[in-house]
Amino acid sequence: MKQLIGTGVALVTPFNDDFSIDTEALTRIVNFCIDGGVDYLVVLGTTAESVTLNKAEKLLVMDTIVKANAGRLPLVLGIGGNSTYRVVHEVKAFQSDDFDAILSVSPYYNKPTQEGIYQHFKAIAEVSNKPIVLYNVPSRTGSNMLPSTVLRLAADFENIVGLKEACGDMQQINEIIAGKPDDFHVISGDDATALETVLAGGSGVISVIGQGLPSEFSQMIRLGLEGDTEEAFKLQNAMETGMDLIFEEGNPAGIKSIFETLGLSKAVVRLPLVEATDSLKQRIKSFVKPFLKLEV
């Protein structure tokens, strides 16, 4: 899937003060990302606070993004969970020509064995009519999907086309890149290791900060894919502070603070998450100002 090369962004779900979904803000964010040069959009991932959305709200988010995108960029939809039966049911029932692939997280909280992880994704692959991108994020799931499991799945199922890897361990990432099929995409799930992953042979990134700084971040990845390391590292160094700041008090509180600074949406998040503190918001504003020449 050539659509998975470059910069994808894990879109937030903007809320109004009453915690309802702000569809106008979501439309603004989609257009901001597209105008900034990102390559594809990821819908209803972790950054979207998808676990706090009910079914009707998820459909509203999907519909809003599809309409705002208007066929301009590929769309990837998050469908995952720790009940294999439920995820299989959702994937099997999902029918939409608007989405190009599914992103599915490794089962969280249950802490399955590697065989359990394999069987979970096997069951999904056997019913999916869309390409599947695996998602490994041990800091959230409580278990690490090891390279041997990833490579086994990549070899056994043609519709498992990639991995969003957020383990933060370049040794593990390099092992997967070295052993993967040629057409299997290794996609960074960490902003901080995105460039390093690309330079090691990865396909790109699914980014959080990339939606707040779409022009700069997508250009960094583009330069990395082209082998222009000097200019790519200049951009990474310029954004490094922001990559740390937006995760300091949890995701997506930080990236929503950037959108508040930009005037694109409010910084509201749903419990159990809380908004970034005033102190962090001020530091985020100071970080963003030189990028966008804002009066903040």
# chains A, B, ... in the order shown; residues from 1 in each chain; ligands from 1
call {"tool": "select_by_dssp", "arguments": {"residues": "segment 86-214 of chain A", "states": "strand (DSSP E or B)", "output": "ChimeraX atom specification"}}
result
/A:101-105,132-136,160-165,185-188,204-207
call {"tool": "closest_atom_pairs", "arguments": {"of": "segment 167-265 of chain A", "to": "segment 279-284 of chain A", "cutoff": "9 Å", "atoms": "only C-alpha atoms", "output": "CSV"}}
result
residue,atom,partner,partner_atom,distance
A:Gly242,CA,A:Ile284,CA,7.0
A:Leu245,CA,A:Ile284,CA,6.7
A:Ile246,CA,A:Ile284,CA,7.6
A:Glu248,CA,A:Leu280,CA,8.2
A:Glu249,CA,A:Leu280,CA,8.2
A:Gly254,CA,A:Lys281,CA,7.8
A:Ser257,CA,A:Lys281,CA,6.1
A:Ile258,CA,A:Ile284,CA,6.6
A:Thr261,CA,A:Ile284,CA,8.2
call {"tool": "write_last_selection", "arguments": {"atoms": "C-alpha atoms", "output": "PDB file, in the first residue's frame"}}
result
ATOM      1  CA  GLY A 242       7.475  20.262  21.322  1.00  0.00           C
ATOM      2  CA  LEU A 245       5.924  19.040  25.761  1.00  0.00           C
ATOM      3  CA  ILE A 246       2.800  17.597  24.161  1.00  0.00           C
ATOM      4  CA  GLU A 248       4.240  15.833  29.371  1.00  0.00           C
ATOM      5  CA  GLU A 249       0.727  15.733  30.841  1.00  0.00           C
ATOM      6  CA  GLY A 254      -0.822  18.537  24.800  1.00  0.00           C
ATOM      7  CA  SER A 257      -3.293  22.815  23.635  1.00  0.00           C
ATOM      8  CA  ILE A 258      -1.489  23.452  20.346  1.00  0.00           C
ATOM      9  CA  THR A 261      -3.086  28.182  20.503  1.00  0.00           C
TER      10      THR A 261
END
call {"tool": "atom_distance", "arguments": {"atom1": "atom CA of Gly189 of chain A", "atom2": "atom CA of Met145 of chain A"}}
result
13.6 Å
call {"tool": "residues_around", "arguments": {"residues": "segment 98-103 of chain A", "least_positions_apart": "2", "cutoff": "8 Å", "atoms": "only C-alpha atoms", "output": "list in words"}}
result
Gly45, Val66, Gly71, Pro74, Leu75, Val76, Leu77, Gly78, Ile79, Gly80, Ser96, Val105, Lys130, Pro131, Ile132, Val133, Leu134 and Tyr135 of chain A
call {"tool": "write_last_selection", "arguments": {"atoms": "all heavy atoms", "output": "compact mmCIF listing (two decimals), in the first residue's frame"}}
result
# COMPACT_ATOMS: atom_id res chain seq x y z
N GLY A 45 -8.17 6.76 16.38
CA GLY A 45 -7.08 6.11 17.09
C GLY A 45 -7.11 6.51 18.56
O GLY A 45 -8.06 7.14 19.04
N VAL A 66 -14.75 12.19 6.75
CA VAL A 66 -14.94 11.79 5.35
C VAL A 66 -15.41 12.98 4.52
O VAL A 66 -14.89 13.22 3.42
CB VAL A 66 -15.94 10.62 5.26
CG1 VAL A 66 -16.40 10.41 3.82
CG2 VAL A 66 -15.31 9.34 5.79
N GLY A 71 -12.22 12.96 -0.22
CA GLY A 71 -11.45 12.09 -1.10
C GLY A 71 -10.03 12.54 -1.39
O GLY A 71 -9.35 11.95 -2.23
N PRO A 74 -5.83 9.44 1.64
CA PRO A 74 -6.23 8.13 2.16
C PRO A 74 -6.64 8.25 3.63
O PRO A 74 -6.08 9.05 4.39
CB PRO A 74 -4.97 7.28 2.00
CG PRO A 74 -4.15 7.98 0.98
CD PRO A 74 -4.43 9.43 1.15
N LEU A 75 -7.59 7.42 4.04
CA LEU A 75 -8.06 7.38 5.42
C LEU A 75 -7.84 5.99 6.01
O LEU A 75 -8.12 4.98 5.37
CB LEU A 75 -9.56 7.71 5.48
CG LEU A 75 -9.99 9.09 4.97
CD1 LEU A 75 -11.52 9.23 5.06
CD2 LEU A 75 -9.31 10.21 5.75
N VAL A 76 -7.34 5.97 7.24
CA VAL A 76 -7.15 4.73 8.00
C VAL A 76 -8.03 4.80 9.23
O VAL A 76 -8.03 5.81 9.95
CB VAL A 76 -5.68 4.55 8.39
CG1 VAL A 76 -5.50 3.29 9.25
CG2 VAL A 76 -4.79 4.49 7.15
N LEU A 77 -8.79 3.75 9.50
CA LEU A 77 -9.73 3.74 10.62
C LEU A 77 -9.24 2.82 11.74
O LEU A 77 -8.88 1.68 11.49
CB LEU A 77 -11.10 3.26 10.15
CG LEU A 77 -12.20 3.18 11.22
CD1 LEU A 77 -12.56 4.57 11.73
CD2 LEU A 77 -13.43 2.48 10.68
N GLY A 78 -9.26 3.34 12.96
CA GLY A 78 -8.91 2.52 14.12
C GLY A 78 -10.07 1.62 14.53
O GLY A 78 -11.16 2.10 14.85
N ILE A 79 -9.84 0.32 14.49
CA ILE A 79 -10.79 -0.66 15.04
C ILE A 79 -9.98 -1.66 15.84
O ILE A 79 -9.27 -2.50 15.28
CB ILE A 79 -11.59 -1.41 13.95
CG1 ILE A 79 -12.33 -0.45 13.02
CG2 ILE A 79 -12.58 -2.37 14.61
CD1 ILE A 79 -13.12 -1.15 11.92
N GLY A 80 -10.05 -1.57 17.14
CA GLY A 80 -9.25 -2.47 17.98
C GLY A 80 -9.87 -2.63 19.34
O GLY A 80 -10.87 -1.99 19.67
N SER A 96 -17.17 0.17 4.03
CA SER A 96 -17.07 1.56 3.61
C SER A 96 -15.97 1.71 2.57
O SER A 96 -14.84 1.27 2.79
CB SER A 96 -16.78 2.48 4.80
OG SER A 96 -16.53 3.80 4.35
N VAL A 105 -5.01 -2.10 17.33
CA VAL A 105 -4.05 -2.16 18.43
C VAL A 105 -3.95 -3.57 19.01
O VAL A 105 -4.93 -4.32 19.04
CB VAL A 105 -4.43 -1.14 19.52
CG1 VAL A 105 -5.72 -1.56 20.23
CG2 VAL A 105 -3.30 -0.93 20.51
N LYS A 130 -10.40 -5.22 4.35
CA LYS A 130 -9.50 -4.08 4.23
C LYS A 130 -8.10 -4.50 4.67
O LYS A 130 -7.93 -5.39 5.51
CB LYS A 130 -9.95 -2.93 5.14
CG LYS A 130 -11.32 -2.37 4.85
CD LYS A 130 -11.30 -1.43 3.67
CE LYS A 130 -12.68 -0.80 3.48
NZ LYS A 130 -12.71 0.06 2.29
N PRO A 131 -7.06 -3.85 4.11
CA PRO A 131 -5.71 -4.08 4.64
C PRO A 131 -5.64 -3.69 6.11
O PRO A 131 -6.33 -2.77 6.55
CB PRO A 131 -4.84 -3.15 3.78
CG PRO A 131 -5.65 -2.89 2.55
CD PRO A 131 -7.08 -2.92 2.98
N ILE A 132 -4.80 -4.41 6.85
CA ILE A 132 -4.69 -4.21 8.30
C ILE A 132 -3.29 -3.73 8.66
O ILE A 132 -2.29 -4.29 8.20
CB ILE A 132 -4.98 -5.51 9.06
CG1 ILE A 132 -6.41 -5.99 8.77
CG2 ILE A 132 -4.76 -5.35 10.56
CD1 ILE A 132 -6.63 -7.45 9.13
N VAL A 133 -3.23 -2.69 9.49
CA VAL A 133 -1.98 -2.24 10.08
C VAL A 133 -2.01 -2.60 11.56
O VAL A 133 -2.91 -2.18 12.29
CB VAL A 133 -1.78 -0.72 9.91
CG1 VAL A 133 -0.47 -0.27 10.56
CG2 VAL A 133 -1.80 -0.33 8.43
N LEU A 134 -1.07 -3.41 11.99
CA LEU A 134 -0.94 -3.76 13.40
C LEU A 134 -0.45 -2.54 14.18
O LEU A 134 0.23 -1.68 13.63
CB LEU A 134 0.06 -4.90 13.58
CG LEU A 134 -0.07 -6.13 12.67
CD1 LEU A 134 1.12 -7.06 12.87
CD2 LEU A 134 -1.38 -6.85 12.95
N TYR A 135 -0.76 -2.50 15.47
CA TYR A 135 -0.31 -1.37 16.30
C TYR A 135 0.24 -1.92 17.61
O TYR A 135 -0.49 -2.53 18.39
CB TYR A 135 -1.48 -0.41 16.54
CG TYR A 135 -1.17 0.81 17.38
CD1 TYR A 135 0.13 1.25 17.59
CD2 TYR A 135 -2.21 1.54 17.96
CE1 TYR A 135 0.39 2.38 18.34
CE2 TYR A 135 -1.97 2.67 18.72
CZ TYR A 135 -0.66 3.09 18.91
OH TYR A 135 -0.41 4.21 19.67
call {"tool": "select_by_dssp", "arguments": {"residues": "segment 86-140 of chain A", "states": "alpha helix (DSSP H)", "output": "list in words"}}
result
Arg86, Val87, Val88, His89, Glu90, Val91, Lys92, Ala93, Gln114, Glu115, Gly116, Ile117, Tyr118, Gln119, His120, Phe121, Lys122, Ala123, Ile124, Ala125, Pro138, Ser139 and Arg140 of chain A
call {"tool": "closest_residue", "arguments": {"among": "A:Ser104, A:Thr13, A:Asn129, A:Gln95", "to": "Ala25 of chain A", "atoms": "only C-alpha atoms"}}
result
A:Thr13
call {"tool": "residues_around", "arguments": {"residues": "Ile21 of chain A", "least_positions_apart": "5", "cutoff": "9 Å", "atoms": "only C-alpha atoms", "output": "PDB file with N, CA and C atoms, in the first residue's frame"}}
result
ATOM      1  N   THR A  13     -10.185  14.263  18.546  1.00  0.00           N
ATOM      2  CA  THR A  13     -11.614  14.560  18.500  1.00  0.00           C
ATOM      3  C   THR A  13     -11.840  15.841  19.298  1.00  0.00           C
ATOM      4  N   PRO A  14     -12.104  16.961  18.633  1.00  0.00           N
ATOM      5  CA  PRO A  14     -12.317  18.209  19.383  1.00  0.00           C
ATOM      6  C   PRO A  14     -13.672  18.203  20.084  1.00  0.00           C
ATOM      7  N   PHE A  15     -13.695  18.779  21.278  1.00  0.00           N
ATOM      8  CA  PHE A  15     -14.938  18.861  22.050  1.00  0.00           C
ATOM      9  C   PHE A  15     -15.305  20.312  22.326  1.00  0.00           C
ATOM     10  N   ASN A  16     -16.611  20.552  22.458  1.00  0.00           N
ATOM     11  CA  ASN A  16     -17.114  21.826  22.973  1.00  0.00           C
ATOM     12  C   ASN A  16     -16.988  21.841  24.498  1.00  0.00           C
ATOM     13  N   LEU A  26     -13.321  20.017  14.028  1.00  0.00           N
ATOM     14  CA  LEU A  26     -12.735  18.830  13.396  1.00  0.00           C
ATOM     15  C   LEU A  26     -12.524  19.067  11.903  1.00  0.00           C
ATOM     16  N   GLU A  57     -21.306   8.648  18.390  1.00  0.00           N
ATOM     17  CA  GLU A  57     -20.258   9.671  18.304  1.00  0.00           C
ATOM     18  C   GLU A  57     -19.138   9.245  17.354  1.00  0.00           C
ATOM     19  N   LEU A  60     -20.308   9.860  13.936  1.00  0.00           N
ATOM     20  CA  LEU A  60     -20.290  11.293  13.655  1.00  0.00           C
ATOM     21  C   LEU A  60     -18.877  11.756  13.305  1.00  0.00           C
ATOM     22  N   VAL A  61     -17.872  11.288  14.059  1.00  0.00           N
ATOM     23  CA  VAL A  61     -16.476  11.630  13.779  1.00  0.00           C
ATOM     24  C   VAL A  61     -16.089  11.122  12.388  1.00  0.00           C
TER      25      VAL A  61
END
call {"tool": "closest_residue", "arguments": {"among": "A:Arg152, A:Lys67, A:His120, A:Arg222", "to": "Arg28 of chain A", "atoms": "only C-alpha atoms"}}
result
A:Lys67
call {"tool": "atom_distance", "arguments": {"atom1": "atom CA of Asp169 of chain A", "atom2": "atom CA of Asp228 of chain A"}}
result
23.2 Å
call {"tool": "residues_around", "arguments": {"residues": "segment 192-198 of chain A", "least_positions_apart": "5", "cutoff": "7 Å", "atoms": "only C-alpha atoms", "output": "list in words"}}
result
Gly168, Ser203, Gly204, Val205, Ile221, Gly224, Leu225 and Met243 of chain A
call {"tool": "residues_around", "arguments": {"residues": "Ile160 of chain A", "least_positions_apart": "2", "cutoff": "9 Å", "atoms": "only C-alpha atoms", "output": "PDB file with N, CA, C and O atoms, in the first residue's frame"}}
result
ATOM      1  N   PHE A 121      -4.908 -11.426  16.007  1.00  0.00           N
ATOM      2  CA  PHE A 121      -4.803 -10.790  14.692  1.00  0.00           C
ATOM      3  C   PHE A 121      -5.120 -11.758  13.552  1.00  0.00           C
ATOM      4  O   PHE A 121      -5.609 -11.339  12.497  1.00  0.00           O
ATOM      5  N   ALA A 125      -7.676 -10.853  10.634  1.00  0.00           N
ATOM      6  CA  ALA A 125      -7.253 -10.927   9.232  1.00  0.00           C
ATOM      7  C   ALA A 125      -8.172 -11.814   8.408  1.00  0.00           C
ATOM      8  O   ALA A 125      -8.412 -11.547   7.228  1.00  0.00           O
ATOM      9  N   PRO A 131      -7.064  -3.850   4.110  1.00  0.00           N
ATOM     10  CA  PRO A 131      -5.712  -4.075   4.636  1.00  0.00           C
ATOM     11  C   PRO A 131      -5.638  -3.690   6.111  1.00  0.00           C
ATOM     12  O   PRO A 131      -6.332  -2.769   6.551  1.00  0.00           O
ATOM     13  N   ILE A 132      -4.803  -4.406   6.854  1.00  0.00           N
ATOM     14  CA  ILE A 132      -4.695  -4.206   8.301  1.00  0.00           C
ATOM     15  C   ILE A 132      -3.292  -3.725   8.656  1.00  0.00           C
ATOM     16  O   ILE A 132      -2.293  -4.289   8.199  1.00  0.00           O
ATOM     17  N   VAL A 133      -3.233  -2.692   9.491  1.00  0.00           N
ATOM     18  CA  VAL A 133      -1.977  -2.238  10.078  1.00  0.00           C
ATOM     19  C   VAL A 133      -2.008  -2.602  11.563  1.00  0.00           C
ATOM     20  O   VAL A 133      -2.915  -2.181  12.290  1.00  0.00           O
ATOM     21  N   LEU A 134      -1.065  -3.412  11.991  1.00  0.00           N
ATOM     22  CA  LEU A 134      -0.940  -3.759  13.401  1.00  0.00           C
ATOM     23  C   LEU A 134      -0.450  -2.540  14.176  1.00  0.00           C
ATOM     24  O   LEU A 134       0.229  -1.676  13.626  1.00  0.00           O
ATOM     25  N   LEU A 153       3.034 -12.858  11.506  1.00  0.00           N
ATOM     26  CA  LEU A 153       1.774 -12.351  10.971  1.00  0.00           C
ATOM     27  C   LEU A 153       1.956 -11.783   9.561  1.00  0.00           C
ATOM     28  O   LEU A 153       1.131 -12.015   8.672  1.00  0.00           O
ATOM     29  N   ALA A 154       3.056 -11.060   9.359  1.00  0.00           N
ATOM     30  CA  ALA A 154       3.336 -10.473   8.041  1.00  0.00           C
ATOM     31  C   ALA A 154       3.511 -11.555   6.980  1.00  0.00           C
ATOM     32  O   ALA A 154       3.091 -11.386   5.829  1.00  0.00           O
ATOM     33  N   ALA A 155       4.118 -12.661   7.375  1.00  0.00           N
ATOM     34  CA  ALA A 155       4.351 -13.755   6.432  1.00  0.00           C
ATOM     35  C   ALA A 155       3.091 -14.561   6.157  1.00  0.00           C
ATOM     36  O   ALA A 155       2.892 -15.061   5.039  1.00  0.00           O
ATOM     37  N   ASP A 156       2.213 -14.681   7.161  1.00  0.00           N
ATOM     38  CA  ASP A 156       1.058 -15.578   7.042  1.00  0.00           C
ATOM     39  C   ASP A 156      -0.182 -14.943   6.419  1.00  0.00           C
ATOM     40  O   ASP A 156      -1.062 -15.662   5.929  1.00  0.00           O
ATOM     41  N   PHE A 157      -0.276 -13.600   6.442  1.00  0.00           N
ATOM     42  CA  PHE A 157      -1.514 -12.947   5.987  1.00  0.00           C
ATOM     43  C   PHE A 157      -1.194 -11.785   5.059  1.00  0.00           C
ATOM     44  O   PHE A 157      -0.613 -10.787   5.479  1.00  0.00           O
ATOM     45  N   GLU A 158      -1.623 -11.917   3.811  1.00  0.00           N
ATOM     46  CA  GLU A 158      -1.342 -10.886   2.816  1.00  0.00           C
ATOM     47  C   GLU A 158      -2.016  -9.563   3.146  1.00  0.00           C
ATOM     48  O   GLU A 158      -1.539  -8.492   2.738  1.00  0.00           O
ATOM     49  N   GLY A 162       1.173  -3.814   7.402  1.00  0.00           N
ATOM     50  CA  GLY A 162       2.101  -2.922   8.081  1.00  0.00           C
ATOM     51  C   GLY A 162       1.985  -2.987   9.594  1.00  0.00           C
ATOM     52  O   GLY A 162       1.115  -3.668  10.147  1.00  0.00           O
ATOM     53  N   LEU A 163       2.874  -2.261  10.230  1.00  0.00           N
ATOM     54  CA  LEU A 163       2.933  -2.183  11.690  1.00  0.00           C
ATOM     55  C   LEU A 163       3.191  -0.745  12.099  1.00  0.00           C
ATOM     56  O   LEU A 163       4.141  -0.118  11.634  1.00  0.00           O
ATOM     57  N   PHE A 184       5.950  -4.864   3.210  1.00  0.00           N
ATOM     58  CA  PHE A 184       5.384  -4.656   4.542  1.00  0.00           C
ATOM     59  C   PHE A 184       5.911  -3.335   5.104  1.00  0.00           C
ATOM     60  O   PHE A 184       7.112  -3.077   5.091  1.00  0.00           O
TER      61      PHE A 184
END
